[in-house]
file upload11.cif (mmCIF, C-alpha atoms)
data_model
#
loop_
_atom_site.label_atom_id
_atom_site.label_comp_id
_atom_site.auth_asym_id
_atom_site.auth_seq_id
_atom_site.Cartn_x
_atom_site.Cartn_y
_atom_site.Cartn_z
CA MET V 1 -12.15 81.90 92.80
CA THR V 2 -9.25 81.95 95.28
CA ASP V 3 -6.03 83.95 94.91
CA ARG V 4 -4.24 80.70 94.01
CA ASP V 5 -6.83 79.88 91.33
CA GLU V 6 -6.62 83.37 89.82
CA PHE V 7 -2.82 83.29 89.86
CA LEU V 8 -2.71 79.86 88.21
CA ALA V 9 -5.14 81.02 85.52
CA TRP V 10 -2.85 84.02 84.83
CA VAL V 11 0.23 81.75 84.66
CA ARG V 12 -1.51 79.41 82.20
CA THR V 13 -2.76 82.21 79.93
CA GLU V 14 -1.02 85.59 79.95
CA LEU V 15 2.35 84.37 81.20
CA TYR V 16 2.33 81.32 78.90
CA ASP V 17 1.37 83.46 75.89
CA ALA V 18 4.16 85.95 76.65
CA GLU V 19 6.76 83.20 76.88
CA PHE V 20 5.54 81.59 73.65
CA ALA V 21 5.74 84.99 71.92
CA LEU V 22 9.33 85.43 73.17
CA HIS V 23 10.28 82.08 71.66
CA ASN V 24 8.91 83.35 68.35
CA GLY V 25 11.04 86.49 68.50
CA ASN V 26 8.66 88.94 70.19
CA CYS V 27 9.98 90.06 73.58
CA ALA V 28 7.37 92.82 74.16
CA PRO V 29 4.71 90.62 75.84
CA ARG V 30 7.29 89.18 78.26
CA ARG V 31 8.61 92.63 79.13
CA ALA V 32 5.06 93.87 79.74
CA LEU V 33 4.60 91.23 82.45
CA TRP V 34 7.82 92.06 84.27
CA SER V 35 7.91 94.50 87.15
CA ARG V 36 9.12 98.05 86.57
CA ASN V 37 10.00 98.23 90.28
CA GLU V 38 13.38 97.23 91.68
CA PRO V 39 14.67 94.74 92.39
CA VAL V 40 14.28 92.66 89.23
CA THR V 41 16.75 89.89 88.44
CA VAL V 42 17.40 87.00 86.09
CA LEU V 43 19.80 84.19 86.80
CA GLY V 44 19.47 82.70 83.38
CA ALA V 45 20.49 79.54 81.63
CA TRP V 46 22.44 81.65 79.10
CA ARG V 47 22.82 85.08 80.68
CA ASN V 48 22.13 86.97 83.92
CA ALA V 49 20.56 90.40 84.39
CA ASN V 50 20.13 92.74 87.35
CA GLY V 51 17.97 95.87 87.14
CA GLN V 52 15.70 97.38 84.51
CA HIS V 53 18.38 98.26 81.97
CA GLU V 54 19.97 94.81 81.97
CA ILE V 55 16.52 93.14 81.88
CA ASP V 56 15.62 95.19 78.79
CA GLU V 57 18.90 94.25 77.09
CA LEU V 58 18.50 90.56 77.95
CA PHE V 59 14.92 90.31 76.68
CA SER V 60 15.82 92.14 73.46
CA ALA V 61 18.75 89.78 72.88
CA LEU V 62 16.57 86.74 73.51
CA GLY V 63 13.90 88.04 71.16
CA SER V 64 16.53 88.55 68.47
CA SER V 65 17.90 85.03 68.97
CA PHE V 66 14.64 83.03 69.08
CA SER V 67 12.38 82.13 66.16
CA ASP V 68 10.17 79.37 64.80
CA CYS V 69 9.01 77.90 68.12
CA THR V 70 7.39 74.56 67.34
CA SER V 71 6.75 73.52 70.93
CA TYR V 72 6.68 75.21 74.33
CA ALA V 73 5.25 73.32 77.30
CA VAL V 74 5.46 74.03 81.02
CA ASP V 75 5.40 71.21 83.55
CA LEU V 76 4.46 73.23 86.63
CA GLN V 77 5.61 71.29 89.68
CA ALA V 78 4.80 73.75 92.47
CA TYR V 79 3.28 77.19 92.97
CA ASP V 80 1.82 79.26 95.76
CA VAL V 81 0.49 82.70 96.58
CA VAL V 82 1.08 84.39 99.93
CA GLY V 83 -0.42 87.86 100.06
CA ASP V 84 1.09 89.94 97.26
CA MET V 85 3.91 87.47 96.54
CA ALA V 86 3.86 84.24 94.56
CA PHE V 87 6.23 81.69 93.05
CA THR V 88 6.29 78.98 90.42
CA ALA V 89 8.72 76.11 89.96
CA GLY V 90 8.76 73.70 87.08
CA LEU V 91 10.24 72.49 83.82
CA GLU V 92 10.01 74.33 80.51
CA HIS V 93 10.29 72.06 77.45
CA THR V 94 11.07 74.04 74.30
CA SER V 95 11.73 73.37 70.62
CA VAL V 96 12.82 76.56 68.89
CA SER V 97 15.42 77.98 66.54
CA VAL V 98 18.21 79.82 68.34
CA ASP V 99 20.21 82.05 65.99
CA GLY V 100 18.71 80.06 63.11
CA GLN V 101 19.66 76.64 64.48
CA PRO V 102 16.90 74.26 65.64
CA ARG V 103 17.26 73.31 69.32
CA THR V 104 15.25 71.33 71.81
CA TYR V 105 15.94 71.75 75.51
CA THR V 106 14.46 71.64 78.99
CA LEU V 107 15.05 74.31 81.61
CA ARG V 108 14.40 74.06 85.34
CA VAL V 109 12.75 77.38 86.15
CA THR V 110 11.75 79.13 89.35
CA GLN V 111 10.07 82.53 89.20
CA VAL V 112 9.02 85.01 91.89
CA TYR V 113 6.09 87.39 91.37
CA ARG V 114 4.77 90.54 93.03
CA ARG V 115 1.22 91.83 92.83
CA GLU V 116 1.52 95.47 91.82
CA SER V 117 -1.60 97.62 91.51
CA GLY V 118 -3.67 94.44 91.43
CA GLU V 119 -1.67 92.81 88.60
CA TRP V 120 0.90 90.01 88.80
CA ARG V 121 4.40 90.99 87.67
CA VAL V 122 7.53 88.85 87.46
CA ALA V 123 10.34 90.07 89.73
CA HIS V 124 12.87 87.23 89.48
CA ARG V 125 13.63 84.27 87.21
CA HIS V 126 16.14 81.51 87.72
CA GLY V 127 16.57 79.00 84.92
CA ASP V 128 19.17 76.35 84.26
CA ALA V 129 19.60 73.43 81.93
CA SER V 130 18.00 70.23 83.09
CA THR V 131 19.13 66.73 82.40
CA VAL V 132 15.63 65.42 83.18
#
call {"tool": "encode", "arguments": {"input": "upload11.cif", "output": "structure tokens"}}
result
Amino acid sequence: MTDRDEFLAWVRTELYDAEFALHNGNCAPRRALWSRNEPVTVLGAWRNANGQHEIDELFSALGSSFSDCTSYAVDLQAYDVVGDMAFTAGLEHTSVSVDGQPRTYTLRVTQVYRRESGEWRVAHRHGDASTV
């Protein structure tokens, strides 16, 4: 299996499962997949974060806001691995309750990853609302 194949398998399993858990109110699996090394950043659809402390606050707030995810699907449009760096770009289609109110939305998302001690970790996320 190539680096690209292994990375894609991780994206489709561990990363997907962590994002689904977040949308059901559990931020711990997402946080576990994020780097503990600086820099880490989020340019989010609802809120930005820079550094470990702000990342922790953001993920906790998201976990408190989300519940009852009925659908989460990723339309991965591009990805690559170059050495110990990787990226993904795609659309996330989500149906979830946000602060108790059902919502359905699509985000355009690009993420950057670093391989740290042999494991993939997210270092950056950019997401914005899509009209697609």
call {"tool": "residues_around", "arguments": {"input": "upload11.cif", "residues": "region 79-85 of chain V", "least_positions_apart": "4", "cutoff": "9 Å", "atoms": "only C-alpha atoms", "output": "NGL selection string"}}
result
:V and (3-4 or 7-8 or 89-90 or 112-116 or 118 or 120)
call {"tool": "write_last_selection", "arguments": {"input": "upload11.cif", "atoms": "C-alpha atoms", "output": "PDB file, in the frame of the given file"}}
result
ATOM      1  CA  ASP V   3      -6.030  83.950  94.910  1.00  0.00           C
ATOM      2  CA  ARG V   4      -4.240  80.700  94.010  1.00  0.00           C
ATOM      3  CA  PHE V   7      -2.820  83.290  89.860  1.00  0.00           C
ATOM      4  CA  LEU V   8      -2.710  79.860  88.210  1.00  0.00           C
ATOM      5  CA  ALA V  89       8.720  76.110  89.960  1.00  0.00           C
ATOM      6  CA  GLY V  90       8.760  73.700  87.080  1.00  0.00           C
ATOM      7  CA  VAL V 112       9.020  85.010  91.890  1.00  0.00           C
ATOM      8  CA  TYR V 113       6.090  87.390  91.370  1.00  0.00           C
ATOM      9  CA  ARG V 114       4.770  90.540  93.030  1.00  0.00           C
ATOM     10  CA  ARG V 115       1.220  91.830  92.830  1.00  0.00           C
ATOM     11  CA  GLU V 116       1.520  95.470  91.820  1.00  0.00           C
ATOM     12  CA  GLY V 118      -3.670  94.440  91.430  1.00  0.00           C
ATOM     13  CA  TRP V 120       0.900  90.010  88.800  1.00  0.00           C
TER      14      TRP V 120
END
call {"tool": "closest_residue", "arguments": {"input": "upload11.cif", "among": "V:Val98, V:Glu14, V:Arg36, V:Cys27", "to": "Gly51 (chain V)", "atoms": "only C-alpha atoms"}}
result
V:Arg36
call {"tool": "closest_residue", "arguments": {"input": "upload11.cif", "among": "V:Ser130, V:Phe20, V:Ile55, V:Ala78", "to": "Trp34 (chain V)", "atoms": "only C-alpha atoms"}}
result
V:Ile55
call {"tool": "closest_residue", "arguments": {"input": "upload11.cif", "among": "V:Leu107, V:Leu33, V:Val40, V:Cys69", "to": "Val11 (chain V)", "atoms": "all atoms listed in the file"}}
result
V:Leu33
call {"tool": "residues_around", "arguments": {"input": "upload11.cif", "residues": "Trp46 (chain V)", "least_positions_apart": "6", "cutoff": "12 Å", "atoms": "all atoms listed in the file", "output": "PyMOL selection string"}}
result
chain V and resi 58-59+61-62+65+98+107+126-129
call {"tool": "closest_residue", "arguments": {"input": "upload11.cif", "among": "V:Ala86, V:Leu91, V:Ala49, V:Val74", "to": "Val122 (chain V)", "atoms": "all atoms listed in the file"}}
result
V:Ala86
call {"tool": "resolve_selection", "arguments": {"input": "upload11.cif", "expression": "the PyMOL selection byres ((chain V and resi 72) around 6)", "output": "MDAnalysis selection string"}}
result
chainID V and resid 71 73 93:94
call {"tool": "closest_residue", "arguments": {"input": "upload11.cif", "among": "V:Ser64, V:Thr2, V:Gln77, V:Ser95", "to": "Thr110 (chain V)", "atoms": "only C-alpha atoms"}}
result
V:Gln77
call {"tool": "atom_distance", "arguments": {"input": "upload11.cif", "atom1": "CA of Thr70 (chain V)", "atom2": "CA of Phe87 (chain V)"}}
result
26.7 Å
call {"tool": "atom_distance", "arguments": {"input": "upload11.cif", "atom1": "CA of Gln101 (chain V)", "atom2": "CA of Leu15 (chain V)"}}
result
25.3 Å
call {"tool": "atom_distance", "arguments": {"input": "upload11.cif", "atom1": "CA of Pro39 (chain V)", "atom2": "CA of Glu92 (chain V)"}}
result
24.1 Å
call {"tool": "closest_residue", "arguments": {"input": "upload11.cif", "among": "V:Glu6, V:Thr104, V:Val109, V:Ser117", "to": "Leu43 (chain V)", "atoms": "all atoms listed in the file"}}
result
V:Val109
call {"tool": "axis_aligned_box", "arguments": {"input": "upload11.cif", "around": "region 34-52 of chain V", "padding_each_side": "6 Å", "output": "lines of an AutoDock Vina configuration file"}}
result
center_x = 15.3
center_y = 88.9
center_z = 85.7
size_x = 27.0
size_y = 30.7
size_z = 25.3
call {"tool": "residues_around", "arguments": {"input": "upload11.cif", "residues": "Asn24 (chain V)", "least_positions_apart": "6", "cutoff": "9 Å", "atoms": "all atoms listed in the file", "output": "number ranges by chain"}}
result
V: 63, 66-70, 96-97
